[in-house]
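Source file run35.cif; content: mmCIF, C-alpha atoms.
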```
data_coords
#
loop_
_atom_site.label_atom_id
_atom_site.label_comp_id
_atom_site.auth_asym_id
_atom_site.auth_seq_id
_atom_site.Cartn_x
_atom_site.Cartn_y
_atom_site.Cartn_z
CA MET A 93 0.00 0.00 0.00
CA SER A 94 1.29 3.47 -0.89
CA SER A 95 2.11 5.78 1.97
CA GLU A 96 0.30 9.05 2.48
CA PHE A 97 3.42 10.89 1.39
CA ASP A 98 3.74 8.91 -1.85
CA THR A 99 0.05 9.45 -2.59
CA GLY A 100 0.18 13.12 -1.63
CA SER A 101 3.22 13.85 -3.81
CA ALA A 102 2.29 11.57 -6.72
CA VAL A 103 2.39 12.87 -10.28
CA THR A 104 1.44 11.21 -13.56
CA ALA A 105 3.00 12.10 -16.90
CA ARG A 106 0.41 13.59 -19.24
CA GLU A 107 0.11 11.58 -22.43
CA GLY A 108 1.10 13.47 -25.55
CA GLU A 109 2.42 16.49 -23.64
CA PRO A 110 6.12 16.08 -22.80
CA GLY A 111 7.17 17.66 -19.51
CA ALA A 112 3.62 17.94 -18.13
CA TYR A 113 2.59 16.02 -15.01
CA ASP A 114 -0.75 15.90 -13.23
CA GLY A 115 -1.18 15.65 -9.45
CA GLU A 116 -3.69 16.24 -6.67
CA LEU A 117 -2.97 18.41 -3.63
CA GLY A 118 -4.80 16.87 -0.69
CA GLU A 119 -6.64 18.65 2.12
CA GLY A 120 -4.55 16.64 4.59
CA TRP A 121 -1.39 18.61 3.74
CA ARG A 122 -2.74 22.01 4.71
CA ILE A 123 -0.86 24.29 7.10
CA GLY A 124 -2.28 27.70 7.86
CA GLY A 125 -3.74 29.23 4.74
CA GLY A 126 -2.41 26.77 2.16
CA ILE A 127 -0.68 23.52 1.32
CA ASN A 128 2.63 22.95 3.13
CA GLY A 129 5.58 24.28 1.14
CA GLY A 130 7.65 21.16 1.71
CA LEU A 131 4.92 18.97 0.21
CA LEU A 132 4.75 21.28 -2.82
CA LEU A 133 8.52 20.97 -3.15
CA ALA A 134 8.23 17.17 -3.07
CA VAL A 135 5.54 17.21 -5.78
CA ALA A 136 7.75 19.22 -8.14
CA GLY A 137 10.76 17.17 -7.03
CA ARG A 138 9.01 13.94 -8.00
CA ALA A 139 8.14 15.30 -11.44
CA LEU A 140 11.78 16.25 -12.06
CA SER A 141 12.91 12.85 -10.79
CA GLN A 142 10.73 11.22 -13.45
CA GLU A 143 11.95 13.68 -16.06
CA PHE A 144 15.56 12.66 -15.36
CA ALA A 145 14.94 8.90 -15.46
CA ALA A 146 17.52 6.74 -17.25
CA GLU A 147 17.13 6.56 -21.04
CA GLY A 148 19.09 4.08 -23.14
CA ASP A 149 22.78 4.47 -22.25
CA ARG A 150 22.07 7.79 -20.51
CA PRO A 151 22.32 7.39 -16.72
CA GLY A 152 19.37 8.33 -14.55
CA HIS A 153 19.49 11.21 -12.08
CA PRO A 154 16.66 10.43 -9.65
CA ASP A 155 17.74 12.48 -6.65
CA PRO A 156 17.54 16.22 -5.90
CA LEU A 157 20.97 17.56 -4.95
CA ALA A 158 20.07 21.25 -4.84
CA ILE A 159 16.62 22.71 -5.37
CA SER A 160 15.55 26.36 -5.06
CA ALA A 161 11.88 27.29 -4.98
CA TYR A 162 10.14 30.65 -5.21
CA TYR A 163 6.63 30.61 -3.74
CA LEU A 164 4.31 32.90 -5.66
CA THR A 165 0.77 32.13 -4.48
CA PRO A 166 -0.59 29.72 -1.83
CA GLY A 167 -1.28 26.18 -3.01
CA GLU A 168 -4.84 24.96 -2.42
CA PRO A 169 -6.38 21.48 -2.18
CA GLY A 170 -7.31 20.21 -5.62
CA PRO A 171 -5.82 19.28 -9.01
CA ALA A 172 -2.40 20.63 -9.93
CA THR A 173 -0.16 20.55 -12.98
CA VAL A 174 3.64 20.52 -12.91
CA ARG A 175 5.39 21.64 -16.07
CA THR A 176 9.06 20.78 -16.33
CA SER A 177 11.82 21.78 -18.71
CA VAL A 178 15.32 20.36 -19.01
CA VAL A 179 18.06 22.98 -18.84
CA ARG A 180 20.96 20.52 -19.19
CA ARG A 181 21.49 16.77 -19.12
CA GLY A 182 24.97 15.66 -18.09
CA ARG A 183 26.75 12.45 -17.19
CA ALA A 184 27.07 13.24 -13.46
CA VAL A 185 24.27 15.78 -12.90
CA SER A 186 21.34 17.31 -14.75
CA THR A 187 19.55 20.61 -14.23
CA GLY A 188 15.90 21.39 -14.78
CA GLN A 189 13.09 23.80 -14.03
CA ALA A 190 9.56 23.12 -12.84
CA SER A 191 6.47 25.22 -12.16
CA LEU A 192 3.31 24.11 -10.39
CA TYR A 193 -0.02 25.50 -11.59
CA GLN A 194 -3.60 25.30 -10.42
CA ASP A 195 -6.71 26.51 -12.24
CA LYS A 196 -8.62 29.36 -10.64
CA ASP A 197 -11.72 30.72 -12.35
CA GLY A 198 -10.68 28.95 -15.52
CA GLU A 199 -7.19 30.45 -15.62
CA PRO A 200 -3.89 28.74 -14.69
CA VAL A 201 -2.26 30.30 -11.62
CA GLU A 202 1.42 29.59 -10.94
CA ARG A 203 1.89 28.55 -7.32
CA PHE A 204 5.67 28.23 -7.28
CA ARG A 205 8.70 27.74 -9.51
CA VAL A 206 11.89 25.76 -8.95
CA LEU A 207 15.34 25.39 -10.45
CA ALA A 208 17.10 22.19 -9.44
CA THR A 209 20.20 20.08 -9.96
CA TYR A 210 19.71 16.31 -9.88
CA GLY A 211 22.08 13.38 -9.63
CA ASP A 212 22.35 9.87 -8.20
CA LEU A 213 23.14 9.89 -4.49
CA ALA A 214 23.77 6.15 -4.56
CA ALA A 215 26.76 6.81 -6.81
CA VAL A 216 28.37 9.41 -4.52
CA ASP A 217 27.52 8.09 -1.04
CA GLY A 218 30.69 7.60 0.99
CA ASP A 219 32.87 9.16 3.63
CA VAL A 220 31.73 12.58 4.82
CA THR A 221 33.90 15.28 6.37
CA THR A 222 31.99 17.85 8.38
CA THR A 223 32.38 20.02 11.45
CA ALA A 224 28.63 19.94 12.03
CA VAL A 225 27.31 17.95 14.99
CA PRO A 226 23.82 16.48 15.43
CA PRO A 227 21.43 18.38 17.73
CA GLN A 228 21.17 16.95 21.21
CA LEU A 229 17.58 15.93 21.90
CA PRO A 230 15.77 14.06 24.65
CA PRO A 231 14.51 10.63 23.53
CA PRO A 232 11.34 10.83 21.41
CA GLU A 233 9.22 9.51 24.26
CA ASP A 234 10.35 12.46 26.40
CA CYS A 235 9.48 15.06 23.77
CA LEU A 236 6.16 16.78 23.09
CA ALA A 237 4.04 15.14 20.40
CA ALA A 238 2.35 17.34 17.82
CA ALA A 239 -1.02 16.17 19.14
CA GLN A 240 -0.24 18.11 22.34
CA ALA A 241 -0.09 21.41 20.46
CA PRO A 242 -2.76 24.02 21.25
CA PRO A 243 -6.12 23.18 19.60
CA SER A 244 -6.14 26.62 17.97
CA PHE A 245 -2.94 25.60 16.16
CA LEU A 246 -4.01 22.05 15.27
CA LYS A 247 -7.24 23.11 13.58
CA HIS A 248 -5.18 24.96 10.96
CA ALA A 249 -2.57 22.22 10.57
CA SER A 250 -3.95 19.00 9.09
CA LEU A 251 -0.36 18.33 7.96
CA LEU A 252 0.49 17.27 11.53
CA GLU A 253 -1.85 14.29 11.25
CA ARG A 254 0.45 12.87 8.55
CA LEU A 255 3.54 13.20 10.75
CA ASP A 256 4.89 11.69 13.94
CA LEU A 257 6.55 14.83 15.25
CA ARG A 258 8.13 15.06 18.72
CA LEU A 259 9.45 18.50 19.70
CA ASP A 260 12.20 19.16 22.24
CA PRO A 261 10.43 20.66 25.28
CA ALA A 262 13.25 23.21 25.58
CA THR A 263 12.08 24.75 22.29
CA THR A 264 8.31 24.75 22.80
CA GLY A 265 7.82 27.71 25.13
CA TRP A 266 5.69 29.27 22.38
CA ALA A 267 3.06 26.54 22.86
CA MET A 268 2.56 27.68 26.47
CA GLY A 269 2.60 31.36 25.61
CA ARG A 270 6.19 31.75 26.83
CA PRO A 271 8.45 31.87 23.75
CA SER A 272 12.14 31.89 24.65
CA GLY A 273 13.21 34.35 21.97
CA ASN A 274 16.17 32.09 21.17
CA GLY A 275 15.11 31.39 17.59
CA VAL A 276 15.51 27.59 17.82
CA ILE A 277 13.02 24.76 17.32
CA ARG A 278 14.15 21.14 17.07
CA GLY A 279 12.64 17.70 17.26
CA TRP A 280 12.27 14.16 15.99
CA LEU A 281 10.37 13.47 12.77
CA ARG A 282 9.02 10.45 10.96
CA MET A 283 5.89 9.71 8.96
CA ALA A 284 2.89 8.63 11.02
CA ASP A 285 2.23 5.65 8.72
CA GLY A 286 5.79 4.34 9.10
CA ARG A 287 7.03 5.32 5.64
CA GLU A 288 10.84 5.40 5.78
CA PRO A 289 12.72 8.55 4.67
CA ASP A 290 14.31 8.96 1.24
CA PRO A 291 15.70 11.97 -0.67
CA LEU A 292 12.26 13.18 -1.78
CA LEU A 293 10.86 12.97 1.73
CA LEU A 294 13.75 15.15 2.93
CA LEU A 295 12.22 17.95 0.84
CA LEU A 296 9.19 17.74 3.11
CA ALA A 297 11.30 17.37 6.27
CA VAL A 298 13.07 20.72 5.86
CA ASP A 299 9.70 22.50 6.08
CA ALA A 300 7.70 20.19 8.35
CA LEU A 301 8.28 21.66 11.83
CA PRO A 302 6.41 24.67 13.21
CA PRO A 303 8.09 27.89 12.05
CA VAL A 304 10.97 29.07 14.21
CA ALA A 305 9.20 32.43 14.33
CA PHE A 306 6.90 30.97 16.99
CA GLU A 307 9.78 30.68 19.46
CA LEU A 308 10.68 34.31 18.67
CA GLY A 309 7.24 35.39 19.89
CA LEU A 310 5.92 36.15 16.41
CA PRO A 311 2.23 35.28 16.06
CA GLY A 312 0.43 34.02 13.01
CA TRP A 313 1.86 32.32 9.98
CA THR A 314 5.14 33.05 8.24
CA PRO A 315 4.67 32.45 4.50
CA THR A 316 7.77 31.21 2.70
CA LEU A 317 9.01 33.41 -0.12
CA GLU A 318 12.04 31.35 -1.16
CA LEU A 319 13.50 28.04 -0.03
CA THR A 320 16.72 26.34 -1.10
CA ALA A 321 17.41 22.76 -0.01
CA HIS A 322 20.58 20.69 -0.39
CA VAL A 323 20.22 16.92 -0.13
CA ARG A 324 23.56 15.38 0.81
CA ALA A 325 22.88 11.66 1.28
CA ARG A 326 20.21 8.98 1.20
CA PRO A 327 18.90 8.81 4.78
CA ALA A 328 19.02 5.62 6.83
CA PRO A 329 15.69 4.18 8.03
CA GLY A 330 14.30 5.49 11.29
CA TRP A 331 13.78 8.81 13.01
CA LEU A 332 15.06 12.06 11.53
CA ARG A 333 16.38 14.81 13.78
CA VAL A 334 15.48 18.29 12.54
CA SER A 335 16.85 21.58 13.85
CA LEU A 336 15.58 25.02 12.85
CA THR A 337 17.42 28.22 13.70
CA ASN A 338 17.09 31.93 13.01
CA ARG A 339 19.65 34.71 13.41
CA THR A 340 18.25 37.71 11.57
CA LEU A 341 14.90 39.49 11.39
CA THR A 342 14.94 42.65 9.32
CA GLY A 343 12.06 44.71 8.00
CA GLY A 344 9.57 41.91 8.55
CA PHE A 345 11.67 39.33 6.70
CA MET A 346 13.49 36.46 8.41
CA GLU A 347 15.64 33.51 7.44
CA GLU A 348 15.11 29.99 8.75
CA ASP A 349 17.93 27.46 8.52
CA ALA A 350 17.17 23.75 8.77
CA GLU A 351 19.44 20.76 9.32
CA VAL A 352 18.16 17.19 8.95
CA TRP A 353 20.09 14.29 10.49
CA ASP A 354 19.30 10.61 9.98
CA SER A 355 19.25 7.75 12.49
CA GLU A 356 22.97 7.07 11.89
CA GLY A 357 23.91 10.62 12.88
CA ARG A 358 24.61 11.82 9.32
CA LEU A 359 23.70 15.28 8.09
CA VAL A 360 21.51 14.34 5.11
CA ALA A 361 19.85 17.65 4.20
CA LEU A 362 20.14 21.38 4.82
CA SER A 363 17.98 24.30 3.80
CA ARG A 364 17.56 28.03 4.14
CA GLN A 365 14.34 29.85 3.52
CA LEU A 366 13.30 33.48 3.49
CA ALA A 367 9.91 34.08 5.09
CA ARG A 368 7.68 37.03 5.86
CA ALA A 369 7.22 37.44 9.61
CA SER A 370 4.43 39.17 11.49
CA ALA A 371 4.98 41.77 14.19
CA PRO A 372 6.08 40.69 17.69
CA GLN A 373 3.42 40.17 20.32
CA ARG A 374 2.82 43.03 22.78
#
```
Take the structure in the file and give it back as structure tokens.
Amino acid sequence: MSSEFDTGSAVTAREGEPGAYDGELGEGWRIGGGINGGLLLAVAGRALSQEFAAEGDRPGHPDPLAISAYYLTPGEPGPATVRTSVVRRGRAVSTGQASLYQDKDGEPVERFRVLATYGDLAAVDGDVTTTAVPPQLPPPEDCLAAAQAPPSFLKHASLLERLDLRLDPATTGWAMGRPSGNGVIRGWLRMADGREPDPLLLLLAVDALPPVAFELGLPGWTPTLELTAHVRARPAPGWLRVSLTNRTLTGGFMEEDAEVWDSEGRLVALSRQLARASAPQR
């Protein structure tokens, strides 16, 4: 049986229209006023993965290595079309573009646009040199489950029903009305239906936790304007550890940096996004 993530990010090549893929954005992936940005990224990522499938003696490039997305309008539940174009096909990596559209009042509306480099992580997986260290978290059973979030938050976040998310209590002061102001949220993440992580799921993981703006005392939602993700390795099965941090808030715009670590303690994905933040609480 397909997982909720595979169903939610599925696309089907449109017959007779090269580069066009049809999908369905489900109500269960909503966060705030629209569909979660990480799920949208995975939908476009899956279309590009199919676009760069092996052909003849040309090697396949199934995995996103670097993907940058610009969010233009909120995605809504319903049919969607992804249109891809190949910028370059190479032996080691390929580069492509993708845009996701939805019809509104009979007219196609572009939701977001990506430029991405793809390769085969299985061919480059090996020794890693890094000065980064995994975030230190209490065991999952000692963390706060998403189901314990305030009801006012949960009613706008059907996405959380798809996830098994356990947040470090040290970074959840916002849930009790006492944000720390430290600009850090971290926790454990896996899919609620047991689906194991892979490179495409990492595109969801970098945008799956509550926004770090909450721990800064910023109310409301923080819509993503741009997000760039780097996928560094195929993740091992099991829990992912995700850490979000913020250092700068200027003129109502803030960055959010994410690190994703797998169950073997490897840094498997990183991202930075620019988001629009609301005013601090008084």
Using 12 Å as the limit and counting only C-alpha atoms, can you tabulate each residue of stretch 161-201 of chain A that touches stretch 360-370 of chain A, with its shortest atom-to-atom distance in Å and the two atoms involved, as a Markdown table?
```
| residue | atom | partner | partner_atom | distance |
| --- | --- | --- | --- | --- |
| A:Ala161 | CA | A:Gln365 | CA | 9.2 |
| A:Tyr162 | CA | A:Leu366 | CA | 9.7 |
| A:Tyr163 | CA | A:Ala367 | CA | 10.0 |
```
Just say which residues the PyMOL selection byres ((chain A and resi 122-130) around 9) picks in this file, as a PyMOL selection string. chain A and resi 117-121+131-135+163+166-169+245+247-252+293-300+312-313+315-316+319
Please identify every residue of stretch 133-241 of chain A that has at least one atom no farther than 12 Å from an atom of stretch 95-102 of chain A, counting only C-alpha atoms, and for each give the shortest atom pair and the distance in Å to one decimal, arranged by chain then increasing number, as CSV.
```
residue,atom,partner,partner_atom,distance
A:Leu133,CA,A:Ser101,CA,8.9
A:Ala134,CA,A:Ser101,CA,6.1
A:Val135,CA,A:Ser101,CA,4.5
A:Ala136,CA,A:Ser101,CA,8.3
A:Gly137,CA,A:Ser101,CA,8.8
A:Arg138,CA,A:Ser101,CA,7.1
A:Ala139,CA,A:Ala102,CA,8.4
A:Leu140,CA,A:Ala102,CA,11.9
A:Ser141,CA,A:Ala102,CA,11.4
A:Gln142,CA,A:Ala102,CA,10.8
A:Pro169,CA,A:Gly100,CA,10.6
A:Gly170,CA,A:Gly100,CA,11.1
A:Pro171,CA,A:Gly100,CA,11.3
A:Ala172,CA,A:Ala102,CA,10.7
A:Thr173,CA,A:Ala102,CA,11.2
A:Val174,CA,A:Ala102,CA,11.0
```
Decode the PyMOL selection byres ((chain A and resi 157) around 12) for the given file into explicit residues and return them as a ChimeraX atom specification. /A:137,140-141,153-156,158-160,184-188,207-214,216,291-292,294-295,320-326,360-363
Excluding A:Pro151 and residues on its chain fewer than 3 positions from it, collect all residues at most 7 Å away from it, counting only C-alpha atoms, and give them as a ChimeraX atom specification. /A:146-147,183
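Using only C-alpha atoms, the shortest contact distance between A:Glu116 and any of A:Thr342, A:Gln240, A:Gln194, A:Thr165 is found at A:Gln194.
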With the file shown as input, list the residues that the PyMOL selection byres ((chain A and resi 256) around 6) selects, as a CSV table (one decimal) with C-alpha atoms, keeping the file's coordinate frame.
```csv
chain,number,residue,atom,x,y,z
A,255,LEU,CA,3.5,13.2,10.8
A,257,LEU,CA,6.6,14.8,15.2
A,281,LEU,CA,10.4,13.5,12.8
A,282,ARG,CA,9.0,10.4,11.0
A,283,MET,CA,5.9,9.7,9.0
A,284,ALA,CA,2.9,8.6,11.0
```
Shortest interatomic distance to A:Pro200 - which of A:Arg150, A:Arg278, A:Arg175, A:Arg180, counting all atoms listed in the file: A:Arg175
Between A:Glu233, A:Glu253, A:Glu318, A:Glu307, which one has atoms that come closest to A:Gly265, using only C-alpha atoms? A:Glu307
